[in-house]
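First comes the structure, then the notes that go with it.
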Amino acid sequence: MSNEVLHSLGIKNIDRVESYTIRSEANQDILKVYYKKEKGDLFHRSEKLKFPREQKTFKNESGNYEDTKEISSTLHKAMSELDKVTLTERKEKDVKQKIVADLRHLEQVVSNKIAEIEADLESLK
């Protein structure tokens with residue numbers, strides 16, 4: 001396998017890739033690639049790559065044009081290559097677990113942003 005897209009993204013140790021996850025955040029998709037642990041490692045090594053969503057315009061049923069955002073074609077190709085590399089069937093996460101995980105992540109992002117804004121306000125006093 002050539003894995004051209006993975007190489008172009010900087011993923012060099014393709015034989016050590018164990019799994020990956022995809023997450024959407026604002027107008028981008030985040031690909032996180034996890035590597036197999038080496039002897040002596042406490043944690044899995046991972047890489048995070050961000051892909052902006054591609055904007056497409058289409059004509060709807062009423063004849064008006066609408067904008068939509070879709071997954072990047074590069075990310076789509078990378079996912080195909082990663083599926084071949086990992087050789088495991090990705091199982092759908094339980095919908096409830098995914099929603100709870102997304103909610104916890106959103107809480108953390110909002111909390112961090114609030115703290116940042118409060119710090120900015122304090123610096124103006």
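For the structure tokens, the naming scheme is as follows: chains receive sequential letters (A, B, ...) according to their order of presentation, residues are indexed from 1 within each chain, and ligands are indexed from 1 in presentation order.
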Write out, as a tab-separated table, each residue of region 20-78 of chain A that has an atom at most 9 Å from region 3-6 of chain A, together with the closest pair of atoms and their distance in Å to one decimal, counting only C-alpha atoms, rows going by chain and rising number.
```
residue	atom	partner	partner_atom	distance
A:Thr74	CA	A:Val5	CA	7.3
A:Leu75	CA	A:Val5	CA	8.8
A:Lys77	CA	A:Val5	CA	6.8
A:Ala78	CA	A:Val5	CA	5.8
```
Please provide the set of residues having any atom within 9 Å of Glu70 (chain A), restricted to only C-alpha atoms, with same-chain residues fewer than 6 positions apart removed, written as a ChimeraX atom specification. /A:53-56
Take the residues from that selection and write them out as a PDB file, in the first residue's frame, keeping N, CA and C atoms.
```pdb
ATOM      1  N   ARG A  53     -13.712  22.408   6.932  1.00  0.00           N
ATOM      2  CA  ARG A  53     -14.816  21.861   6.144  1.00  0.00           C
ATOM      3  C   ARG A  53     -14.880  22.570   4.803  1.00  0.00           C
ATOM      4  N   GLU A  54     -15.197  21.832   3.739  1.00  0.00           N
ATOM      5  CA  GLU A  54     -15.307  22.403   2.398  1.00  0.00           C
ATOM      6  C   GLU A  54     -16.716  22.935   2.194  1.00  0.00           C
ATOM      7  N   GLN A  55     -16.813  24.171   1.687  1.00  0.00           N
ATOM      8  CA  GLN A  55     -18.122  24.767   1.451  1.00  0.00           C
ATOM      9  C   GLN A  55     -18.560  24.465   0.026  1.00  0.00           C
ATOM     10  N   LYS A  56     -19.779  23.972  -0.100  1.00  0.00           N
ATOM     11  CA  LYS A  56     -20.356  23.651  -1.404  1.00  0.00           C
ATOM     12  C   LYS A  56     -21.684  24.401  -1.533  1.00  0.00           C
TER      13      LYS A  56
END
```
Excluding same-chain residues fewer than 6 positions from Ser46 (chain A), what lies within 6 Å of it counting only C-alpha atoms, as a PDB file with C-alpha atoms, in the first residue's frame?
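Output file around27.pdb is given in full below:
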```
ATOM      1  CA  VAL A  33      -4.405   9.084  15.097  1.00  0.00           C
ATOM      2  CA  TYR A  34      -3.320   6.781  17.941  1.00  0.00           C
ATOM      3  CA  TYR A  35      -0.139   4.699  17.778  1.00  0.00           C
TER       4      TYR A  35
END
```
List every residue of chain A that DSSP, applied to the backbone, labels as alpha helix (DSSP H), and write the result as number ranges by chain. A: 4-8, 73-86, 95-124
Neighbour list for Val85 (chain A) as an MDAnalysis selection string, cut-off 9 Å, only C-alpha atoms, skip fewer than 6 positions in-chain: chainID A and resid 1 3 14:15 17:19
Leaving out region 102-110 of chain A and any residue of its chain fewer than 6 positions from it, which residues lie within 10 Å of it when counting only C-alpha atoms, given as a list in words? Arg23, Ser24, Glu25, Lys96 and Glu116 of chain A
Take the residues from that selection and write them out as a short mmCIF file (atom, residue, chain, number, x, y, z; two decimals), in the first residue's frame, keeping C-alpha atoms.
```cif
data_model
loop_
_atom_site.label_atom_id
_atom_site.label_comp_id
_atom_site.auth_asym_id
_atom_site.auth_seq_id
_atom_site.Cartn_x
_atom_site.Cartn_y
_atom_site.Cartn_z
CA ARG A 23 -14.54 14.79 15.78
CA SER A 24 -16.27 17.89 14.41
CA GLU A 25 -15.65 21.24 16.04
CA LYS A 96 -25.90 8.13 24.01
CA GLU A 116 -10.18 33.60 28.90
#
```
Near Phe51 (chain A), within 8 Å and counting only C-alpha atoms, which residues show up once chain neighbours fewer than 5 positions away are dropped, as a count of residues only? 6
